[in-house]
$ cat query28.txt   # compact mmCIF, C-alpha atoms
# COMPACT_ATOMS: atom_id res chain seq x y z
CA MET V 10 15.73 -12.93 7.06
CA ARG V 11 18.60 -10.87 8.46
CA TYR V 12 19.14 -9.13 5.13
CA PHE V 13 15.42 -8.60 4.76
CA ARG V 14 15.28 -6.74 8.08
CA LEU V 15 17.79 -4.26 6.65
CA LEU V 16 15.61 -3.98 3.56
CA VAL V 17 12.59 -3.27 5.80
CA LEU V 18 14.59 -0.53 7.53
CA GLY V 19 15.54 1.07 4.21
CA ASN V 20 11.99 0.77 2.90
CA GLY V 21 10.63 2.29 6.11
CA ILE V 22 12.99 5.24 5.76
CA SER V 23 11.87 5.88 2.18
CA ALA V 24 8.22 5.43 3.26
CA TYR V 25 8.78 8.10 5.92
CA GLY V 26 10.04 10.37 3.15
CA SER V 27 6.98 9.57 1.04
CA TYR V 28 4.52 10.45 3.81
CA LEU V 29 6.46 13.60 4.74
CA ASN V 30 6.53 14.40 1.03
CA MET V 31 2.77 13.91 0.75
CA VAL V 32 1.99 16.52 3.41
CA ALA V 33 4.79 19.00 2.68
CA LEU V 34 4.20 19.11 -1.08
CA ASN V 35 0.43 19.49 -0.79
CA VAL V 36 0.84 22.39 1.63
CA PHE V 37 3.61 23.91 -0.50
CA VAL V 38 1.43 23.85 -3.63
CA TYR V 39 -1.32 25.74 -1.84
CA ASP V 40 1.10 28.25 -0.26
CA ALA V 41 2.92 28.85 -3.55
CA THR V 42 -0.20 29.30 -5.68
CA GLY V 43 -2.85 30.41 -3.18
CA SER V 44 -5.26 28.22 -5.13
CA ALA V 45 -7.20 25.25 -3.82
CA LEU V 46 -7.76 24.24 -7.45
CA ALA V 47 -4.00 24.04 -8.04
CA ALA V 48 -3.57 21.91 -4.91
CA GLY V 49 -6.39 19.63 -6.02
CA LEU V 50 -4.89 19.35 -9.51
CA PHE V 51 -1.54 18.34 -8.01
CA MET V 52 -3.20 15.52 -6.07
CA ALA V 53 -5.19 14.49 -9.15
CA VAL V 54 -2.04 14.29 -11.29
CA ARG V 55 -0.30 12.15 -8.72
CA LEU V 56 -3.29 9.80 -8.32
CA ALA V 57 -3.70 9.48 -12.09
CA THR V 58 -0.01 8.65 -12.39
CA ASN V 59 -0.39 5.98 -9.69
CA VAL V 60 -3.21 4.36 -11.65
CA VAL V 61 -1.41 4.40 -15.01
CA SER V 62 1.92 3.35 -13.56
CA GLY V 63 0.37 0.22 -12.05
CA TRP V 64 -0.11 -1.22 -15.55
CA VAL V 65 3.32 -0.06 -16.71
CA SER V 66 5.04 -1.27 -13.54
CA GLY V 67 3.63 -4.76 -13.91
CA ARG V 68 5.28 -5.09 -17.32
CA LEU V 69 8.58 -3.55 -16.22
CA VAL V 70 8.78 -5.81 -13.17
CA SER V 71 8.15 -8.85 -15.38
CA LEU V 72 10.89 -7.89 -17.87
CA TYR V 73 13.72 -6.28 -15.91
CA ASP V 74 15.76 -6.77 -12.74
CA ARG V 75 13.56 -5.77 -9.82
CA LYS V 76 16.34 -4.69 -7.53
CA ARG V 77 17.65 -2.25 -10.14
CA LEU V 78 14.14 -0.95 -10.71
CA MET V 79 13.68 -0.26 -6.99
CA VAL V 80 17.06 1.45 -6.70
CA GLY V 81 16.32 3.49 -9.82
CA ALA V 82 12.89 4.50 -8.51
CA ASP V 83 14.38 5.79 -5.24
CA LEU V 84 17.15 7.66 -7.07
CA CYS V 85 14.66 9.26 -9.49
CA GLN V 86 12.57 10.55 -6.59
CA ALA V 87 15.67 11.91 -4.84
CA VAL V 88 16.84 13.69 -8.02
CA ALA V 89 13.38 15.14 -8.63
CA LEU V 90 13.21 16.53 -5.10
CA LEU V 91 16.74 17.98 -5.30
CA THR V 92 15.83 19.60 -8.63
CA LEU V 93 12.84 21.25 -6.99
CA LEU V 94 15.00 22.30 -4.04
CA LEU V 95 17.67 23.92 -6.24
CA ALA V 96 15.31 25.50 -8.77
CA PRO V 97 14.66 29.27 -8.64
CA ASP V 98 11.44 30.24 -6.89
CA GLY V 99 9.81 31.23 -10.16
CA MET V 100 10.24 27.76 -11.64
CA ARG V 101 9.13 25.72 -8.66
CA VAL V 102 5.39 25.83 -9.32
CA GLY V 103 5.85 24.46 -12.84
CA LEU V 104 8.16 21.73 -11.62
CA LEU V 105 5.64 20.57 -9.04
CA TYR V 106 3.46 18.79 -11.57
CA ALA V 107 6.45 17.04 -13.10
CA LEU V 108 7.40 16.00 -9.56
CA ALA V 109 3.88 14.63 -9.02
CA VAL V 110 4.35 12.39 -12.08
CA VAL V 111 7.82 11.21 -10.98
CA THR V 112 6.90 10.49 -7.36
CA GLY V 113 3.57 8.87 -8.24
CA GLY V 114 5.07 6.61 -10.89
CA CYS V 115 8.22 5.68 -8.97
CA SER V 116 6.42 4.94 -5.71
CA THR V 117 4.06 2.53 -7.49
CA LEU V 118 6.91 0.89 -9.40
CA SER V 119 8.88 0.38 -6.19
CA GLN V 120 5.88 -1.11 -4.40
CA VAL V 121 5.03 -3.52 -7.23
CA ALA V 122 8.67 -4.62 -7.59
CA LEU V 123 9.14 -5.22 -3.86
CA ARG V 124 5.90 -7.13 -3.34
CA SER V 125 6.66 -9.30 -6.36
CA SER V 126 10.15 -10.06 -5.04
CA ILE V 127 9.46 -11.08 -1.45
CA PRO V 128 9.03 -14.85 -2.04
CA GLU V 129 12.39 -14.87 -3.86
CA ILE V 130 14.17 -12.73 -1.26
CA VAL V 131 13.14 -14.64 1.88
CA GLY V 132 11.76 -17.91 0.52
CA ALA V 133 8.09 -18.69 0.00
CA GLU V 134 7.72 -20.24 3.44
CA HIS V 135 8.65 -16.93 5.11
CA ARG V 136 6.61 -14.59 2.92
CA VAL V 137 3.81 -13.92 5.43
CA ARG V 138 6.27 -13.05 8.18
CA ALA V 139 8.20 -10.85 5.74
CA ASN V 140 5.02 -9.08 4.65
CA SER V 141 4.18 -8.49 8.30
CA LEU V 142 7.56 -6.87 8.96
CA LEU V 143 7.32 -4.77 5.80
CA VAL V 144 3.82 -3.46 6.48
CA THR V 145 4.68 -2.78 10.13
CA GLY V 146 7.67 -0.71 9.03
CA ARG V 147 5.52 1.29 6.61
CA SER V 148 2.82 1.82 9.26
CA LEU V 149 5.38 3.20 11.70
CA ALA V 150 6.78 5.37 8.91
CA MET V 151 3.30 6.71 8.17
CA ILE V 152 2.80 7.70 11.79
CA ALA V 153 6.22 9.36 11.96
CA GLY V 154 5.83 11.08 8.59
CA PHE V 155 2.42 12.55 9.28
CA ALA V 156 3.32 13.48 12.86
CA SER V 157 6.58 15.24 11.99
CA SER V 158 5.63 16.90 8.69
CA GLY V 159 3.97 19.88 10.35
CA LEU V 160 6.90 20.39 12.71
CA VAL V 161 9.51 20.12 9.95
CA VAL V 162 7.72 22.58 7.68
CA ALA V 163 6.84 24.99 10.49
CA HIS V 164 10.26 25.11 12.15
CA LEU V 165 12.69 24.31 9.33
CA GLY V 166 10.83 25.37 6.19
CA TYR V 167 10.00 23.72 2.87
CA SER V 168 13.61 23.53 1.70
CA ALA V 169 14.59 21.45 4.74
CA ALA V 170 11.58 19.20 4.20
CA PHE V 171 12.52 18.60 0.54
CA ALA V 172 16.15 17.96 1.47
CA LEU V 173 15.14 15.49 4.18
CA ASP V 174 12.82 13.81 1.68
CA ALA V 175 15.60 13.41 -0.85
CA ALA V 176 17.96 12.05 1.81
CA THR V 177 15.50 9.29 2.80
CA PHE V 178 15.31 8.06 -0.80
CA LEU V 179 19.10 8.13 -1.14
CA VAL V 180 19.44 6.05 2.04
CA SER V 181 16.88 3.54 0.78
CA ALA V 182 18.59 3.25 -2.62
CA THR V 183 21.97 2.70 -0.94
CA VAL V 184 20.64 -0.03 1.36
CA LEU V 185 18.97 -1.82 -1.56
CA PHE V 186 22.04 -1.56 -3.75
CA LEU V 187 24.36 -3.02 -1.09
CA LEU V 188 22.13 -5.89 0.05
CA PRO V 189 23.04 -9.30 -1.50
CA VAL V 190 19.47 -10.33 -2.26
CA ARG V 191 17.95 -12.02 -5.29
CA THR V 192 14.61 -10.65 -6.47
CA ARG V 193 13.76 -13.10 -9.26
CA ALA V 194 13.32 -16.86 -9.47
CA ALA V 195 16.46 -18.83 -10.29
CA ALA V 196 15.34 -19.75 -13.81
CA ASP V 197 14.49 -16.12 -14.61
CA ALA V 198 17.74 -14.86 -13.13
CA ALA V 199 19.64 -17.25 -15.38
CA GLY V 200 18.11 -15.69 -18.47
CA GLY V 201 14.65 -17.17 -18.85
CA GLY V 202 12.83 -14.20 -17.34
CA SER V 203 12.35 -12.17 -20.47
CA ALA V 204 10.96 -15.08 -22.43
CA LYS V 205 8.54 -15.98 -19.71
CA ALA V 206 7.55 -12.36 -19.19
CA SER V 207 6.86 -11.90 -22.87
CA GLY V 208 4.75 -15.03 -22.72
CA THR V 209 2.66 -13.46 -19.97
CA GLY V 210 2.42 -10.12 -21.74
CA ARG V 211 -1.20 -10.88 -22.48
CA LEU V 212 -1.95 -11.54 -18.80
CA THR V 213 -4.87 -9.10 -18.83
CA ALA V 214 -7.81 -8.76 -16.48
CA ARG V 215 -9.93 -10.75 -18.94
CA VAL V 216 -7.46 -13.63 -18.97
CA LEU V 217 -7.18 -13.58 -15.18
CA LEU V 218 -10.94 -13.63 -14.83
CA GLY V 219 -10.98 -16.94 -16.68
CA THR V 220 -7.90 -18.53 -15.12
CA ALA V 221 -7.84 -17.11 -11.58
CA PRO V 222 -11.35 -15.88 -10.70
CA LEU V 223 -10.74 -15.88 -6.94
CA LEU V 224 -7.67 -13.68 -7.31
CA MET V 225 -9.66 -11.32 -9.53
CA ALA V 226 -12.46 -11.26 -6.95
CA MET V 227 -9.94 -10.29 -4.26
CA ILE V 228 -8.52 -7.53 -6.46
CA VAL V 229 -12.03 -6.17 -7.08
CA ILE V 230 -12.72 -6.18 -3.35
CA ARG V 231 -9.46 -4.29 -2.74
CA ALA V 232 -10.58 -1.69 -5.29
CA VAL V 233 -13.90 -1.29 -3.46
CA ASP V 234 -11.97 -1.13 -0.16
CA GLY V 235 -10.18 1.83 -1.77
CA LEU V 236 -13.57 3.49 -2.22
CA GLY V 237 -14.34 2.86 1.44
CA SER V 238 -10.94 4.12 2.57
CA SER V 239 -11.38 7.36 0.65
CA SER V 240 -14.84 7.87 2.14
CA HIS V 241 -13.69 7.73 5.75
CA ASN V 242 -10.61 9.83 4.97
CA VAL V 243 -12.77 12.58 3.46
CA ALA V 244 -15.54 12.29 6.06
CA LEU V 245 -13.29 12.20 9.13
CA PRO V 246 -12.58 15.97 9.38
CA LEU V 247 -16.29 16.76 8.99
CA TYR V 248 -17.31 14.20 11.58
CA SER V 249 -14.61 15.31 13.99
CA SER V 250 -15.69 18.95 13.64
CA SER V 251 -19.28 17.99 14.43
CA LEU V 252 -18.16 16.23 17.62
CA ASP V 253 -16.02 19.10 18.91
CA PRO V 254 -16.10 22.31 16.82
CA ASP V 255 -13.50 23.96 19.07
CA HIS V 256 -10.99 21.10 18.82
CA PRO V 257 -11.67 19.26 15.55
CA ALA V 258 -8.24 17.64 15.46
CA THR V 259 -8.77 15.75 18.73
CA PHE V 260 -10.92 12.92 17.39
CA ILE V 261 -8.85 12.69 14.20
CA SER V 262 -5.70 12.18 16.25
CA GLN V 263 -7.38 9.59 18.47
CA PHE V 264 -8.75 7.75 15.46
CA TRP V 265 -5.48 7.47 13.54
CA ALA V 266 -3.38 6.67 16.61
CA THR V 267 -5.75 3.88 17.63
CA TRP V 268 -6.08 2.59 14.06
CA ALA V 269 -2.28 2.43 13.78
CA ILE V 270 -1.94 0.50 17.06
CA GLY V 271 -4.49 -2.08 15.94
CA ASN V 272 -2.87 -2.29 12.51
CA ILE V 273 0.62 -2.92 13.86
CA VAL V 274 -0.54 -5.41 16.51
CA ALA V 275 -2.45 -7.46 13.93
CA GLN V 276 0.55 -7.51 11.60
CA GLN V 277 2.80 -8.82 14.34
CA VAL V 278 0.29 -11.41 15.52
CA ILE V 279 -0.32 -12.89 12.06
CA GLY V 280 3.42 -12.98 11.36
CA ARG V 281 4.14 -14.89 14.56
CA ALA V 282 1.11 -17.19 14.21
CA THR V 283 2.07 -18.12 10.66
CA LYS V 284 5.66 -18.80 11.67
CA LYS V 285 4.46 -21.12 14.44
CA SER V 286 1.80 -23.00 12.44
CA GLY V 287 3.48 -23.02 9.03
CA ARG V 288 0.17 -22.12 7.38
CA THR V 289 -1.24 -18.88 6.05
CA PRO V 290 -4.89 -17.73 5.89
CA GLY V 291 -6.53 -17.73 2.46
CA GLU V 292 -9.51 -16.25 0.62
CA ARG V 293 -12.08 -16.94 3.32
CA ALA V 294 -10.01 -15.23 6.01
CA PHE V 295 -9.46 -12.29 3.66
CA ALA V 296 -13.21 -11.87 3.08
CA LEU V 297 -14.03 -12.15 6.79
CA GLY V 298 -11.28 -9.69 7.71
CA ALA V 299 -12.47 -7.18 5.12
CA CYS V 300 -16.03 -7.45 6.48
CA VAL V 301 -14.84 -6.76 10.03
CA MET V 302 -12.68 -3.86 8.82
CA SER V 303 -15.55 -2.15 6.98
CA ALA V 304 -17.97 -2.76 9.84
CA GLY V 305 -15.45 -1.19 12.22
CA PHE V 306 -15.12 1.94 10.10
CA ILE V 307 -18.90 2.29 9.88
CA ALA V 308 -19.18 1.95 13.66
CA VAL V 309 -16.64 4.75 14.17
CA PHE V 310 -19.00 7.20 12.43
CA SER V 311 -22.19 5.97 14.08
CA GLY V 312 -22.15 8.46 16.98
CA LEU V 313 -20.75 6.12 19.62
CA PRO V 314 -19.28 7.54 22.84
CA THR V 315 -15.53 8.10 22.82
CA VAL V 316 -14.43 4.79 24.36
CA PRO V 317 -16.55 2.51 22.11
CA ALA V 318 -15.56 4.61 19.08
CA VAL V 319 -11.88 4.15 19.94
CA VAL V 320 -12.44 0.39 20.32
CA ALA V 321 -14.13 0.34 16.90
CA ALA V 322 -11.14 2.16 15.40
CA LEU V 323 -8.81 -0.37 17.05
CA VAL V 324 -10.79 -3.27 15.56
CA ALA V 325 -10.86 -1.59 12.14
CA GLY V 326 -7.11 -1.05 12.26
CA ALA V 327 -6.42 -4.64 13.31
CA ALA V 328 -8.67 -6.03 10.56
CA ASP V 329 -7.06 -3.67 8.04
CA GLY V 330 -3.58 -4.92 8.91
CA PHE V 331 -4.74 -8.54 8.82
CA THR V 332 -6.39 -8.30 5.40
CA GLU V 333 -3.42 -6.41 3.95
CA ILE V 334 -1.03 -9.23 4.81
CA VAL V 335 -3.41 -12.03 3.78
CA TYR V 336 -4.08 -10.32 0.44
CA VAL V 337 -0.45 -9.65 -0.45
CA SER V 338 0.62 -13.14 0.65
CA ARG V 339 -2.13 -14.72 -1.45
CA LEU V 340 -1.08 -12.86 -4.61
CA GLN V 341 2.50 -13.93 -3.95
CA THR V 342 1.50 -17.58 -4.41
CA ALA V 343 1.30 -16.92 -8.17
CA PRO V 344 4.30 -18.06 -10.25
CA ASP V 345 7.15 -15.56 -10.31
CA GLU V 346 6.70 -14.68 -13.98
CA GLN V 347 3.06 -13.67 -13.35
CA ARG V 348 3.48 -11.91 -10.03
CA GLY V 349 4.54 -8.54 -11.40
CA ARG V 350 1.45 -8.34 -13.62
CA LEU V 351 -0.82 -9.23 -10.73
CA PHE V 352 0.62 -6.62 -8.40
CA GLY V 353 0.59 -4.02 -11.18
CA LEU V 354 -3.09 -4.73 -11.81
CA SER V 355 -3.75 -4.63 -8.08
CA ALA V 356 -2.00 -1.26 -7.68
CA SER V 357 -4.04 0.25 -10.52
CA ALA V 358 -7.29 -1.12 -9.11
CA GLU V 359 -6.62 0.12 -5.57
CA ASN V 360 -5.53 3.58 -6.71
CA THR V 361 -8.49 3.86 -9.06
CA GLY V 362 -10.87 2.99 -6.23
CA PHE V 363 -9.25 5.46 -3.86
CA GLY V 364 -9.13 8.31 -6.40
CA LEU V 365 -12.70 7.78 -7.58
CA GLY V 366 -13.85 7.54 -3.98
CA MET V 367 -12.22 10.87 -3.10
CA LEU V 368 -14.20 12.60 -5.84
CA VAL V 369 -17.54 10.88 -5.27
CA SER V 370 -17.51 10.93 -1.47
CA GLY V 371 -16.54 14.62 -1.46
CA ALA V 372 -19.53 15.39 -3.64
CA LEU V 373 -21.90 13.21 -1.61
CA LEU V 374 -20.85 14.82 1.67
CA GLU V 375 -22.35 18.08 0.42
CA THR V 376 -25.77 16.43 0.76
CA TYR V 377 -25.46 13.41 3.03
CA SER V 378 -24.02 12.84 6.51
CA PRO V 379 -20.60 11.26 7.09
CA LEU V 380 -22.28 8.12 8.45
CA GLN V 381 -24.44 7.73 5.35
CA VAL V 382 -21.52 8.14 2.95
CA VAL V 383 -19.15 5.87 4.88
CA ALA V 384 -21.86 3.23 5.38
CA ALA V 385 -22.68 3.26 1.65
CA PHE V 386 -19.09 2.77 0.49
CA HIS V 387 -18.04 0.30 3.18
CA GLY V 388 -21.41 -1.42 2.93
CA LEU V 389 -20.67 -2.17 -0.72
CA ALA V 390 -17.39 -3.79 0.34
CA ILE V 391 -19.22 -5.90 2.94
CA ALA V 392 -21.73 -7.04 0.31
CA LEU V 393 -18.95 -8.13 -2.06
CA CYS V 394 -17.12 -9.96 0.72
CA ALA V 395 -20.33 -11.74 1.70
CA ALA V 396 -20.77 -12.80 -1.94
CA LEU V 397 -17.20 -14.15 -2.01
CA LEU V 398 -17.81 -16.09 1.20
CA LEU V 399 -20.98 -17.61 -0.25
CA LEU V 400 -19.04 -18.57 -3.37
CA LEU V 401 -16.34 -20.26 -1.32
CA VAL V 402 -18.90 -22.14 0.76
CA SER V 403 -20.80 -23.24 -2.35
CA ARG V 404 -17.56 -24.58 -3.83
CA GLY V 405 -17.16 -26.75 -0.75
CA ARG V 406 -13.98 -25.19 0.67
CA THR V 407 -13.45 -26.72 4.09
CA GLY V 408 -11.10 -24.15 5.60
CA PRO V 409 -9.39 -20.85 5.00
CA ALA V 410 -5.85 -22.03 5.55
CA GLN V 411 -3.42 -23.26 2.96
CA PRO V 412 0.22 -24.33 3.17
CA ALA V 413 2.61 -21.42 3.23
CA ALA V 414 5.63 -23.37 2.02
CA GLU V 415 5.62 -22.59 -1.71
CA PRO V 416 3.78 -20.42 -4.22
CA ALA V 417 1.48 -22.21 -6.63
CA GLY V 418 3.27 -23.27 -9.74
CA ARG V 419 6.67 -23.66 -8.13
CA ASP V 420 8.39 -27.04 -8.36
CA GLU V 421 11.00 -26.56 -5.69
CA PRO V 422 11.77 -24.17 -2.84
CA THR V 423 13.90 -21.13 -3.50
CA VAL V 424 17.36 -21.21 -1.97
CA THR V 425 19.94 -18.48 -2.31
CA GLU V 426 23.27 -17.82 -0.68
CA GLY V 427 23.19 -15.42 2.23
CA ARG V 428 19.50 -15.79 3.03
CA GLY V 429 18.80 -15.65 6.74
$ encode --input "query28.txt" --output "structure tokens"
Amino acid sequence: MRYFRLLVLGNGISAYGSYLNMVALNVFVYDATGSALAAGLFMAVRLATNVVSGWVSGRLVSLYDRKRLMVGADLCQAVALLTLLLAPDGMRVGLLYALAVVTGGCSTLSQVALRSSIPEIVGAEHRVRANSLLVTGRSLAMIAGFASSGLVVAHLGYSAAFALDAATFLVSATVLFLLPVRTRAAADAAGGGSAKASGTGRLTARVLLGTAPLLMAMIVIRAVDGLGSSSHNVALPLYSSSLDPDHPATFISQFWATWAIGNIVAQQVIGRATKKSGRTPGERAFALGACVMSAGFIAVFSGLPTVPAVVAALVAGAADGFTEIVYVSRLQTAPDEQRGRLFGLSASAENTGFGLGMLVSGALLETYSPLQVVAAFHGLAIALCAALLLLLVSRGRTGPAQPAAEPAGRDEPTVTEGRG
């Protein structure tokens, strides 16, 4: 685990760059063009690339060395940002859309490769704890990136923001390159990976529906969670403005700060609890956690006084962190040669849900209140989770926990030199 902590640090640094990038680039597009349509098109291109690259990334991760893919993804993003930084002012606007494609595709590829690799890097028995550390690092990076983006752009300018962005990706690529970690199962690393990957090339959603219906159900729920997430992201500024027209940012800041605290606390608790018990929650815990998360987000928009609303945001954040770790850890129980496809499919589903939700919820908010829109989207997620729980009960499952020692389909534990 000692090497993995360095990997978490490098990933957190690149995640900080990604979140800083997200804010700085969106503002830069609007400032450079003066067009809200151009800014919206930039976001649409990036989201579309995220969706498409999920399918492509799953295949790449199944065929090629994951560590090299992650290093290459970070380097490509750094080069793209430096190209934008060094380009003449007249060329920057045109380069922005190419940058949206590069950053969207590379960020998804890096995420799919890393999630697929964790059981091989730390050992299957430590995957939940590793996921907890990884998600905690990204949550802290999100807070830092969003909090500092305005200050960096306002005081140092766009060029400094782009340079800082590029530097974070270079640091991450360097850390990954130097770490002595193995990202693929021993048989695949010895040369069997390509054959196995080609054998799973037809691992489509239709095949998964027949062979792993519970995993497919979880992926569908994550896609609907993306719809819910987009709804509260779009509705939050409107709701905050209605609470305090003179200080609309106050409630937004309280909401995200509290959500982040709950998210990080839950991630740490589940990591420690799993380490102590040696068992990880399964599908039932995932469905219950997703229900609590969606109910918490609905409660935030229900007109509660400040203190209860903050408590609801804390609960939503904690449930969000819990379900994230349970979901990722459950997908990681798949055999190594299938894992890349699963995470690629998952990335496409989640990004599709989030992108579609941004469009639909924005349109609905022209007619309906924030509470109605958020309750509709998150209510759909609750209904699907309730259906999954009923299915699990009807199948006679006696408990949500399952051994965390090895992924399904593995014959022996993974051991590699230098693993902490």
$ closest_residue --input "query28.txt" --among "V:Gly154, V:Pro97, V:Gly63, V:Gly19" --to "Ala358 in chain V" --atoms "all atoms listed in the file"
V:Gly63
$ closest_residue --input "query28.txt" --among "V:Arg288, V:Arg404, V:Asp255, V:Ile230" --to "Ala390 in chain V" --atoms "all atoms listed in the file"
V:Ile230
$ closest_atom_pairs --input "query28.txt" --of "range 131-160 of chain V" --to "range 268-276 of chain V" --cutoff "7 Å" --atoms "only C-alpha atoms" --output "CSV"
residue,atom,partner,partner_atom,distance
V:Ser141,CA,V:Gln276,CA,5.0
V:Thr145,CA,V:Ile273,CA,5.5
V:Ser148,CA,V:Ala269,CA,6.8
$ atom_distance --input "query28.txt" --atom1 "CA of Asp345 in chain V" --atom2 "CA of Leu398 in chain V"
27.5 Å
$ atom_distance --input "query28.txt" --atom1 "CA of Ala48 in chain V" --atom2 "CA of Tyr167 in chain V"
15.7 Å
$ atom_distance --input "query28.txt" --atom1 "CA of Gly99 in chain V" --atom2 "CA of Val180 in chain V"
29.6 Å
$ residues_around --input "query28.txt" --residues "range 117-124 of chain V" --least-positions-apart "6" --cutoff "7 Å" --atoms "all atoms listed in the file" --output "MDAnalysis selection string"
chainID V and resid 59 62:63 66:67 70 75 79 82 349 352:353
$ closest_residue --input "query28.txt" --among "V:Asp40, V:Tyr336, V:Asp174, V:Leu351" --to "Leu84 in chain V" --atoms "only C-alpha atoms"
V:Asp174
$ closest_residue --input "query28.txt" --among "V:Phe386, V:Phe295, V:Phe178, V:Phe264" --to "Ile22 in chain V" --atoms "only C-alpha atoms"
V:Phe178
$ closest_residue --input "query28.txt" --among "V:Ala109, V:Met225, V:Arg14, V:Leu50" --to "Met31 in chain V" --atoms "only C-alpha atoms"
V:Ala109
$ residues_near_point --input "query28.txt" --point "(18.9, 8.4, -12.1)" --cutoff "12 Å" --atoms "all atoms listed in the file" --output "MDAnalysis selection string"
chainID V and resid 77:89 91 111 115 178:179 182
$ closest_residue --input "query28.txt" --among "V:Thr283, V:Thr361, V:Ser311, V:Asn140" --to "Ile127 in chain V" --atoms "all atoms listed in the file"
V:Asn140
$ residues_around --input "query28.txt" --residues "Ser238 in chain V" --least-positions-apart "3" --cutoff "8 Å" --atoms "all atoms listed in the file" --output "mmCIF file with C-alpha atoms, in the frame of the given file"
data_model
loop_
_atom_site.group_PDB
_atom_site.id
_atom_site.type_symbol
_atom_site.label_atom_id
_atom_site.label_comp_id
_atom_site.auth_asym_id
_atom_site.auth_seq_id
_atom_site.Cartn_x
_atom_site.Cartn_y
_atom_site.Cartn_z
ATOM 1 C CA ASP V 234 -11.970 -1.130 -0.160
ATOM 2 C CA GLY V 235 -10.180 1.830 -1.770
ATOM 3 C CA HIS V 241 -13.690 7.730 5.750
ATOM 4 C CA ASN V 242 -10.610 9.830 4.970
ATOM 5 C CA PHE V 363 -9.250 5.460 -3.860
ATOM 6 C CA GLY V 366 -13.850 7.540 -3.980
#
